[in-house]
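For reference, the structure is listed below as C-alpha cells.
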Amino acid sequence: MTKTNAKKKPKSQPLPYRLRRSPVHGSGLFATRSIAKGEHIIEYTGQRISHAEADRRHGEKEPDDGHTFLFTIDAKIVIDAGVDGNDARFINHSCDPNSEVVIWDGRPMVEAIRTIADGEELAYDYNLTRDPDDGPEVAKIFACRCGAATCRGTMLAPRKKPKPVAPKAKAKAKAKPRAAVKKKAALRKKKAA
Ligand SMILES: C[S@@+](CC[C@H](N)C(=O)[O-])C[C@H]1O[C@@H](n2cnc3c(N)ncnc32)[C@H](O)[C@@H]1O
Ligand SMILES: [Zn+2]
C-alpha cells in the first residue's frame, strides 16, 4: 500500500453528552466525559418564530401543561425546538445549574459554568419569566423537581424585590413578555373550563 500526502479528514470528536432517562423529568442529557468550565457543549436549535406565533402554538396546549420547548432569544425571536430541534431540547432545568445559555451572534449556545463530571446531568436555570402577580398556581404549573439543596420549588425566575419606578419605565413595564401572556391565557382557559 502506498502512502499519500493527501490531507486526512479530521476525525470528528465524540459528543460530550448522551441522551437517557432523567430522574428529574423525562429524558435528559448526561456528560460522557469531564467537561471544562467555559466549554461550548451544544447549540440550542429549532425553528425561529415570532412571539405571536409562539403564543399561538402554546395556546394549543392544555392550560396546565408546563412542558415547553420554546426558548426566547430576544424581544423578536423565539426558538421552537419542537420543530427541527436537536438534543439540546432535552436539557432539564436546575436551580443549581452546571451550564448556562449564552447567545453568540443570535445563536444560543449551552456552555459549562463549572467543571462537569463524567456522568453528571447537564442542566441550566430556565429562569422562566415571572409576573409580579403570579400566584402559587402558576408556580405549580412550572414546579421544579431538580432536587438541589437550593431548589426554589419552581422553574420560574426568583421573585424580584419591587423597585420604585419612574413614570416612563412604568409604562414600559406594563407590556407583558410572551411567557407571562401565555401563562395568563392558560389560566383564563382553565378557569373558563
Ligand atoms: C426542554 S424540555 C426538557 C426535556 C424533558 N425532560 C423531556 O423529556 O422532554 C423542558 C420541560 O421539561 C420539564 N422539566 C425540565 N426540568 C425540570 C425540572 N427541574 N423539574 C420539573 N420538570 C422539568 C418541564 O416540563 C419543562 O417544560
Ligand atoms: Zn429546583
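Ligands are numbered from 1 in the order shown, chains are lettered A, B, ... in the order of the C-alpha cells, and residues start at 1 in each chain.
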
Original post:
Could you pull out the strand (DSSP E or B) residues of segment 46-179 of chain A from DSSP and send them as a ChimeraX atom specification?
Top reply: /A:47-50,70-72,77-80,92-93,99-104,107-112,116,121,123-124,128,143,154,156

Would you write out those residues with N, CA and C atoms, as an mmCIF file, in the first residue's frame?
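Output below, filename selection.cif:
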```cif
data_model
loop_
_atom_site.group_PDB
_atom_site.id
_atom_site.type_symbol
_atom_site.label_atom_id
_atom_site.label_comp_id
_atom_site.auth_asym_id
_atom_site.auth_seq_id
_atom_site.Cartn_x
_atom_site.Cartn_y
_atom_site.Cartn_z
ATOM 1 N N GLN A 47 -36.860 25.795 15.116
ATOM 2 C CA GLN A 47 -37.448 26.780 14.204
ATOM 3 C C GLN A 47 -37.504 28.145 14.876
ATOM 4 N N ARG A 48 -37.065 29.168 14.163
ATOM 5 C CA ARG A 48 -37.094 30.530 14.708
ATOM 6 C C ARG A 48 -38.433 31.162 14.355
ATOM 7 N N ILE A 49 -39.164 31.552 15.390
ATOM 8 C CA ILE A 49 -40.520 32.084 15.169
ATOM 9 C C ILE A 49 -40.699 33.380 15.966
ATOM 10 N N SER A 50 -41.806 34.081 15.674
ATOM 11 C CA SER A 50 -42.103 35.320 16.406
ATOM 12 C C SER A 50 -42.747 34.978 17.757
ATOM 13 N N LEU A 70 -39.967 25.920 23.936
ATOM 14 C CA LEU A 70 -39.797 27.282 23.426
ATOM 15 C C LEU A 70 -38.672 27.980 24.178
ATOM 16 N N PHE A 71 -37.829 28.674 23.452
ATOM 17 C CA PHE A 71 -36.696 29.359 24.067
ATOM 18 C C PHE A 71 -36.637 30.789 23.524
ATOM 19 N N THR A 72 -36.746 31.755 24.424
ATOM 20 C CA THR A 72 -36.745 33.159 23.984
ATOM 21 C C THR A 72 -35.323 33.658 23.748
ATOM 22 N N ILE A 77 -37.481 37.219 18.676
ATOM 23 C CA ILE A 77 -37.337 35.815 18.240
ATOM 24 C C ILE A 77 -37.456 34.803 19.377
ATOM 25 N N VAL A 78 -38.206 33.744 19.078
ATOM 26 C CA VAL A 78 -38.325 32.588 19.973
ATOM 27 C C VAL A 78 -37.904 31.371 19.137
ATOM 28 N N ILE A 79 -37.183 30.439 19.763
ATOM 29 C CA ILE A 79 -36.848 29.195 19.055
ATOM 30 C C ILE A 79 -37.794 28.107 19.537
ATOM 31 N N ASP A 80 -38.443 27.431 18.583
ATOM 32 C CA ASP A 80 -39.275 26.280 18.918
ATOM 33 C C ASP A 80 -38.485 25.025 18.586
ATOM 34 N N ASN A 92 -32.597 19.555 31.000
ATOM 35 C CA ASN A 92 -33.549 19.933 32.044
ATOM 36 C C ASN A 92 -33.093 21.171 32.810
ATOM 37 N N HIS A 93 -34.005 21.683 33.617
ATOM 38 C CA HIS A 93 -33.726 22.851 34.463
ATOM 39 C C HIS A 93 -33.134 22.412 35.805
ATOM 40 N N SER A 99 -24.599 24.628 33.801
ATOM 41 C CA SER A 99 -24.463 25.246 32.476
ATOM 42 C C SER A 99 -25.315 26.498 32.404
ATOM 43 N N GLU A 100 -25.074 27.265 31.348
ATOM 44 C CA GLU A 100 -25.954 28.394 31.047
ATOM 45 C C GLU A 100 -26.034 28.519 29.531
ATOM 46 N N VAL A 101 -26.997 29.314 29.070
ATOM 47 C CA VAL A 101 -27.114 29.513 27.628
ATOM 48 C C VAL A 101 -26.634 30.913 27.307
ATOM 49 N N VAL A 102 -25.635 30.989 26.421
ATOM 50 C CA VAL A 102 -25.123 32.292 26.013
ATOM 51 C C VAL A 102 -25.479 32.483 24.536
ATOM 52 N N ILE A 103 -25.760 33.732 24.176
ATOM 53 C CA ILE A 103 -26.149 33.989 22.789
ATOM 54 C C ILE A 103 -24.913 34.457 22.017
ATOM 55 N N TRP A 104 -24.542 33.712 20.995
ATOM 56 C CA TRP A 104 -23.413 34.045 20.127
ATOM 57 C C TRP A 104 -23.975 34.383 18.761
ATOM 58 N N ARG A 107 -27.223 33.137 18.161
ATOM 59 C CA ARG A 107 -27.405 31.673 18.270
ATOM 60 C C ARG A 107 -27.151 31.236 19.712
ATOM 61 N N PRO A 108 -28.132 30.560 20.319
ATOM 62 C CA PRO A 108 -27.962 30.158 21.711
ATOM 63 C C PRO A 108 -27.053 28.937 21.858
ATOM 64 N N MET A 109 -26.069 29.067 22.732
ATOM 65 C CA MET A 109 -25.073 28.009 22.919
ATOM 66 C C MET A 109 -25.077 27.612 24.389
ATOM 67 N N VAL A 110 -25.177 26.314 24.665
ATOM 68 C CA VAL A 110 -25.113 25.837 26.046
ATOM 69 C C VAL A 110 -23.644 25.730 26.430
ATOM 70 N N GLU A 111 -23.285 26.406 27.526
ATOM 71 C CA GLU A 111 -21.881 26.496 27.933
ATOM 72 C C GLU A 111 -21.746 26.061 29.403
ATOM 73 N N ALA A 112 -20.673 25.327 29.713
ATOM 74 C CA ALA A 112 -20.452 24.877 31.102
ATOM 75 C C ALA A 112 -20.031 26.070 31.959
ATOM 76 N N ILE A 116 -17.873 19.956 34.769
ATOM 77 C CA ILE A 116 -18.974 18.993 34.868
ATOM 78 C C ILE A 116 -18.360 17.595 34.839
ATOM 79 N N GLU A 121 -25.733 14.995 35.040
ATOM 80 C CA GLU A 121 -26.764 15.512 34.132
ATOM 81 C C GLU A 121 -26.500 16.992 33.836
ATOM 82 N N ALA A 123 -27.593 20.715 33.057
ATOM 83 C CA ALA A 123 -28.791 21.476 33.418
ATOM 84 C C ALA A 123 -28.459 22.954 33.460
ATOM 85 N N TYR A 124 -29.426 23.759 33.044
ATOM 86 C CA TYR A 124 -29.283 25.208 33.227
ATOM 87 C C TYR A 124 -30.546 25.732 33.892
ATOM 88 N N LEU A 128 -37.747 31.070 34.040
ATOM 89 C CA LEU A 128 -38.937 31.457 33.267
ATOM 90 C C LEU A 128 -39.501 32.772 33.781
ATOM 91 N N ALA A 143 -43.660 23.640 38.394
ATOM 92 C CA ALA A 143 -42.966 23.098 39.581
ATOM 93 C C ALA A 143 -41.629 22.463 39.206
ATOM 94 N N THR A 154 -39.773 25.955 41.898
ATOM 95 C CA THR A 154 -40.396 26.299 40.620
ATOM 96 C C THR A 154 -39.314 26.684 39.615
ATOM 97 N N LEU A 156 -39.848 29.004 37.562
ATOM 98 C CA LEU A 156 -39.999 30.452 37.355
ATOM 99 C C LEU A 156 -38.799 31.175 37.963
#
```

Under the rule of at most 6 Å, produce a per-residue listing of chain A near ligand 1: chain, number, name, the closest pair of atoms, and the distance in Å, as JSON lines, using only C-alpha atoms and all ligand atoms.
```
{"residue": "A:Val24", "atom": "CA", "partner": "ligand 1", "partner_atom_place_in_ligand_line": "18 (C)", "distance": 5.6}
{"residue": "A:His25", "atom": "CA", "partner": "ligand 1", "partner_atom_place_in_ligand_line": "6 (N)", "distance": 4.4}
{"residue": "A:Gly26", "atom": "CA", "partner": "ligand 1", "partner_atom_place_in_ligand_line": "8 (O)", "distance": 3.6}
{"residue": "A:Ser27", "atom": "CA", "partner": "ligand 1", "partner_atom_place_in_ligand_line": "8 (O)", "distance": 3.8}
{"residue": "A:Gly28", "atom": "CA", "partner": "ligand 1", "partner_atom_place_in_ligand_line": "6 (N)", "distance": 5.3}
{"residue": "A:Gly66", "atom": "CA", "partner": "ligand 1", "partner_atom_place_in_ligand_line": "27 (O)", "distance": 5.0}
{"residue": "A:His67", "atom": "CA", "partner": "ligand 1", "partner_atom_place_in_ligand_line": "27 (O)", "distance": 3.1}
{"residue": "A:Thr68", "atom": "CA", "partner": "ligand 1", "partner_atom_place_in_ligand_line": "27 (O)", "distance": 4.0}
{"residue": "A:Phe69", "atom": "CA", "partner": "ligand 1", "partner_atom_place_in_ligand_line": "1 (C)", "distance": 4.6}
{"residue": "A:Arg89", "atom": "CA", "partner": "ligand 1", "partner_atom_place_in_ligand_line": "1 (C)", "distance": 4.5}
{"residue": "A:Phe90", "atom": "CA", "partner": "ligand 1", "partner_atom_place_in_ligand_line": "4 (C)", "distance": 3.5}
{"residue": "A:Ile91", "atom": "CA", "partner": "ligand 1", "partner_atom_place_in_ligand_line": "3 (C)", "distance": 5.0}
{"residue": "A:Asn92", "atom": "CA", "partner": "ligand 1", "partner_atom_place_in_ligand_line": "16 (N)", "distance": 3.7}
{"residue": "A:His93", "atom": "CA", "partner": "ligand 1", "partner_atom_place_in_ligand_line": "16 (N)", "distance": 3.8}
{"residue": "A:Ser94", "atom": "CA", "partner": "ligand 1", "partner_atom_place_in_ligand_line": "19 (N)", "distance": 5.1}
{"residue": "A:Ala143", "atom": "CA", "partner": "ligand 1", "partner_atom_place_in_ligand_line": "21 (C)", "distance": 5.7}
{"residue": "A:Cys144", "atom": "CA", "partner": "ligand 1", "partner_atom_place_in_ligand_line": "20 (N)", "distance": 3.5}
{"residue": "A:Arg145", "atom": "CA", "partner": "ligand 1", "partner_atom_place_in_ligand_line": "20 (N)", "distance": 3.8}
{"residue": "A:Cys146", "atom": "CA", "partner": "ligand 1", "partner_atom_place_in_ligand_line": "19 (N)", "distance": 4.0}
```

Requested write-out: C-alpha atoms of the selected residues, as a tab-separated table (two decimals), in the first residue's frame:
```
chain	number	residue	atom	x	y	z
A	24	VAL	CA	-35.64	14.93	37.17
A	25	HIS	CA	-38.01	14.69	34.20
A	26	GLY	CA	-38.44	12.55	31.06
A	27	SER	CA	-35.19	12.45	29.10
A	28	GLY	CA	-32.08	14.46	29.88
A	66	GLY	CA	-45.84	23.29	31.78
A	67	HIS	CA	-43.81	21.34	29.22
A	68	THR	CA	-42.07	23.66	26.79
A	69	PHE	CA	-39.50	23.52	24.00
A	89	ARG	CA	-34.09	20.45	23.81
A	90	PHE	CA	-33.72	17.64	26.36
A	91	ILE	CA	-31.60	19.62	28.82
A	92	ASN	CA	-33.55	19.93	32.04
A	93	HIS	CA	-33.73	22.85	34.46
A	94	SER	CA	-31.81	23.05	37.75
A	143	ALA	CA	-42.97	23.10	39.58
A	144	CYS	CA	-39.29	22.13	39.83
A	145	ARG	CA	-38.02	18.67	40.74
A	146	CYS	CA	-34.29	19.33	40.36
```

**OP:** Assign secondary structure with DSSP using the backbone only, and return the residues of segment 24-165 of chain A in helix (DSSP H, G or I) as a PyMOL selection string.
**Re:** chain A and resi 51-59+87-90+136-141

**OP:** Point out the residue among A:Pro136, A:Pro97, A:Pro63, A:Pro14 with the least atom-to-atom distance to ligand 2, counting only C-alpha atoms and all ligand atoms.
**Re:**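 Ranked by minimum distance to ligand 2, first place goes to A:Pro97.
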
**OP:** Using only C-alpha atoms, find the one residue out of A:Arg56, A:Asp64, A:Asn98, A:His51 that sits nearest to Phe142 of chain A.
**Re:** A:Asp64

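You will find atom CA of Lys8 of chain A at 27.6 Å from atom CA of Ser34 of chain A.
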
Subject >> Within 8 Å of Asp118 of chain A using only C-alpha atoms, minus same-chain residues under 2 positions, as a list in words >> reply: Phe30, Ala31, Thr32, Arg33, Ser34, Ile35, Ile116 and Glu120 of chain A
